[in-house]
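Visitor: Quick one: the structure is below, and I'll ask about it shortly.
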Amino acid sequence: MSWRLDLPGLLGQVAEIAGEAAAVKLCLARGGHELNIPSKAAGSELARILGDDAAAAKVIAELGPGRVRVPMGGYRGQQGRRRAGMQLMRNGASNVEVARACDVSLRAAENWRGQLRAGAGACDHGAQASLFDRQD
């Protein structure tokens, strides 16, 4: 894959260890909350979230057990998924890759692609700053 997501902190580390799809799954499931990284992957909540004991084992081996805070990364909720999907598309991801990474239907990804092709800049709410975005 030639596309890359801009994932903050822990999510960036998980992306390097287990792949971007795993990092997005983690963000969608637990973004903005704490997560216990266990000492063993088999049957753990981390493995359930990532959908793969092997990916969870890699994360555990690299990060070690303990409690972590998972950044939201702007990917929670429908608008967050749309924002992430459009970013992936702009970076060259296919509709199937976007649908899987963002946990949406293929039809939703196809609709987003159509909006990008139509130049949906005026109605791209994903690019609009949220009331709660920091203005440093």
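Chain labels A, B, ... are given in the sequence in which chains occur in the structure tokens; within each chain residues are numbered consecutively from 1, and ligands are likewise numbered from 1 in the order shown.
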Can you tell me, as a ChimeraX atom specification, what residues are no more than 12 Å from A:Leu46 when counting only C-alpha atoms, ignoring any on the same chain fewer than 3 positions away?

Guide: /A:14,18,22-23,25-27,29-30,34-43,49-60,65-68,70

Visitor: DSSP on the backbone: which residues in chain A end up as strand (DSSP E)? Give the answer as an MDAnalysis selection string.

Guide: chainID A and resid 34:37 66:69

Visitor: Using the selection just defined, write its residues with all heavy atoms as a PDB file, in the first residue's frame.

Guide:
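File produced: selection-v7.pdb:
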ATOM      1  N   GLU A  34      -9.035   4.680  28.004  1.00  0.00           N
ATOM      2  CA  GLU A  34      -7.889   3.886  28.389  1.00  0.00           C
ATOM      3  C   GLU A  34      -8.071   2.441  27.939  1.00  0.00           C
ATOM      4  O   GLU A  34      -9.195   1.958  27.789  1.00  0.00           O
ATOM      5  CB  GLU A  34      -7.686   3.932  29.904  1.00  0.00           C
ATOM      6  CG  GLU A  34      -7.211   5.293  30.378  1.00  0.00           C
ATOM      7  CD  GLU A  34      -6.830   5.295  31.845  1.00  0.00           C
ATOM      8  OE1 GLU A  34      -7.236   4.372  32.594  1.00  0.00           O
ATOM      9  OE2 GLU A  34      -6.134   6.230  32.237  1.00  0.00           O
ATOM     10  N   LEU A  35      -6.956   1.779  27.736  1.00  0.00           N
ATOM     11  CA  LEU A  35      -6.956   0.380  27.333  1.00  0.00           C
ATOM     12  C   LEU A  35      -5.874  -0.335  28.119  1.00  0.00           C
ATOM     13  O   LEU A  35      -4.760   0.190  28.277  1.00  0.00           O
ATOM     14  CB  LEU A  35      -6.672   0.252  25.835  1.00  0.00           C
ATOM     15  CG  LEU A  35      -6.479  -1.163  25.290  1.00  0.00           C
ATOM     16  CD1 LEU A  35      -7.804  -1.928  25.293  1.00  0.00           C
ATOM     17  CD2 LEU A  35      -5.897  -1.139  23.895  1.00  0.00           C
ATOM     18  N   ASN A  36      -6.195  -1.515  28.600  1.00  0.00           N
ATOM     19  CA  ASN A  36      -5.204  -2.334  29.278  1.00  0.00           C
ATOM     20  C   ASN A  36      -4.503  -3.206  28.243  1.00  0.00           C
ATOM     21  O   ASN A  36      -5.146  -3.995  27.552  1.00  0.00           O
ATOM     22  CB  ASN A  36      -5.874  -3.217  30.344  1.00  0.00           C
ATOM     23  CG  ASN A  36      -4.857  -4.026  31.113  1.00  0.00           C
ATOM     24  OD1 ASN A  36      -3.817  -3.510  31.497  1.00  0.00           O
ATOM     25  ND2 ASN A  36      -5.158  -5.289  31.334  1.00  0.00           N
ATOM     26  N   ILE A  37      -3.193  -3.041  28.138  1.00  0.00           N
ATOM     27  CA  ILE A  37      -2.407  -3.925  27.275  1.00  0.00           C
ATOM     28  C   ILE A  37      -1.971  -5.091  28.148  1.00  0.00           C
ATOM     29  O   ILE A  37      -1.220  -4.902  29.104  1.00  0.00           O
ATOM     30  CB  ILE A  37      -1.194  -3.202  26.658  1.00  0.00           C
ATOM     31  CG1 ILE A  37      -1.675  -2.056  25.765  1.00  0.00           C
ATOM     32  CG2 ILE A  37      -0.330  -4.188  25.873  1.00  0.00           C
ATOM     33  CD1 ILE A  37      -0.570  -1.276  25.104  1.00  0.00           C
ATOM     34  N   GLY A  66       0.506  -2.940  30.268  1.00  0.00           N
ATOM     35  CA  GLY A  66       0.225  -1.741  31.058  1.00  0.00           C
ATOM     36  C   GLY A  66      -1.011  -1.036  30.544  1.00  0.00           C
ATOM     37  O   GLY A  66      -1.644  -1.464  29.585  1.00  0.00           O
ATOM     38  N   ARG A  67      -1.351   0.061  31.197  1.00  0.00           N
ATOM     39  CA  ARG A  67      -2.528   0.855  30.811  1.00  0.00           C
ATOM     40  C   ARG A  67      -2.079   2.020  29.960  1.00  0.00           C
ATOM     41  O   ARG A  67      -1.139   2.701  30.299  1.00  0.00           O
ATOM     42  CB  ARG A  67      -3.226   1.365  32.061  1.00  0.00           C
ATOM     43  CG  ARG A  67      -4.559   0.763  32.115  1.00  0.00           C
ATOM     44  CD  ARG A  67      -5.422   0.887  33.247  1.00  0.00           C
ATOM     45  NE  ARG A  67      -6.760   1.318  32.897  1.00  0.00           N
ATOM     46  CZ  ARG A  67      -7.616   0.599  32.233  1.00  0.00           C
ATOM     47  NH1 ARG A  67      -7.296  -0.578  31.794  1.00  0.00           N
ATOM     48  NH2 ARG A  67      -8.820   1.041  31.992  1.00  0.00           N
ATOM     49  N   VAL A  68      -2.786   2.228  28.856  1.00  0.00           N
ATOM     50  CA  VAL A  68      -2.465   3.335  27.948  1.00  0.00           C
ATOM     51  C   VAL A  68      -3.730   4.105  27.617  1.00  0.00           C
ATOM     52  O   VAL A  68      -4.834   3.571  27.711  1.00  0.00           O
ATOM     53  CB  VAL A  68      -1.812   2.831  26.635  1.00  0.00           C
ATOM     54  CG1 VAL A  68      -0.467   2.190  26.902  1.00  0.00           C
ATOM     55  CG2 VAL A  68      -2.727   1.865  25.901  1.00  0.00           C
ATOM     56  N   ARG A  69      -3.566   5.351  27.246  1.00  0.00           N
ATOM     57  CA  ARG A  69      -4.681   6.148  26.734  1.00  0.00           C
ATOM     58  C   ARG A  69      -4.592   6.155  25.216  1.00  0.00           C
ATOM     59  O   ARG A  69      -3.570   6.507  24.654  1.00  0.00           O
ATOM     60  CB  ARG A  69      -4.623   7.566  27.272  1.00  0.00           C
ATOM     61  CG  ARG A  69      -4.942   7.608  28.730  1.00  0.00           C
ATOM     62  CD  ARG A  69      -5.019   9.002  29.250  1.00  0.00           C
ATOM     63  NE  ARG A  69      -5.238   8.918  30.682  1.00  0.00           N
ATOM     64  CZ  ARG A  69      -5.866   9.826  31.371  1.00  0.00           C
ATOM     65  NH1 ARG A  69      -6.325  10.902  30.775  1.00  0.00           N
ATOM     66  NH2 ARG A  69      -6.033   9.677  32.660  1.00  0.00           N
TER      67      ARG A  69
END

Visitor: Considering only C-alpha atoms, state which residue in the set A:Arg100, A:Gln87, A:Gly9, A:Ala61 is at the smallest distance from A:Val24.

Guide: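 The closest residue to A:Val24 is A:Arg100.
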
Visitor: Report as a list of chain:residue names all protein, DNA and RNA residues lying within 8 Å of stretch 105-114 of chain A, evaluated on only C-alpha atoms, omitting residues in the same chain fewer than 6 positions from it.

Guide: A:Arg82, A:Gly85, A:Met86, A:Met89, A:Asn95, A:Val96, A:Val98, A:Ala99

Visitor: Between A:Leu116, A:Gly31, A:Glu16, A:Glu97, which residue has the minimum interatomic distance to A:Met72, considering only C-alpha atoms?

Guide: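 Selected residue with least distance to A:Met72: A:Gly31.
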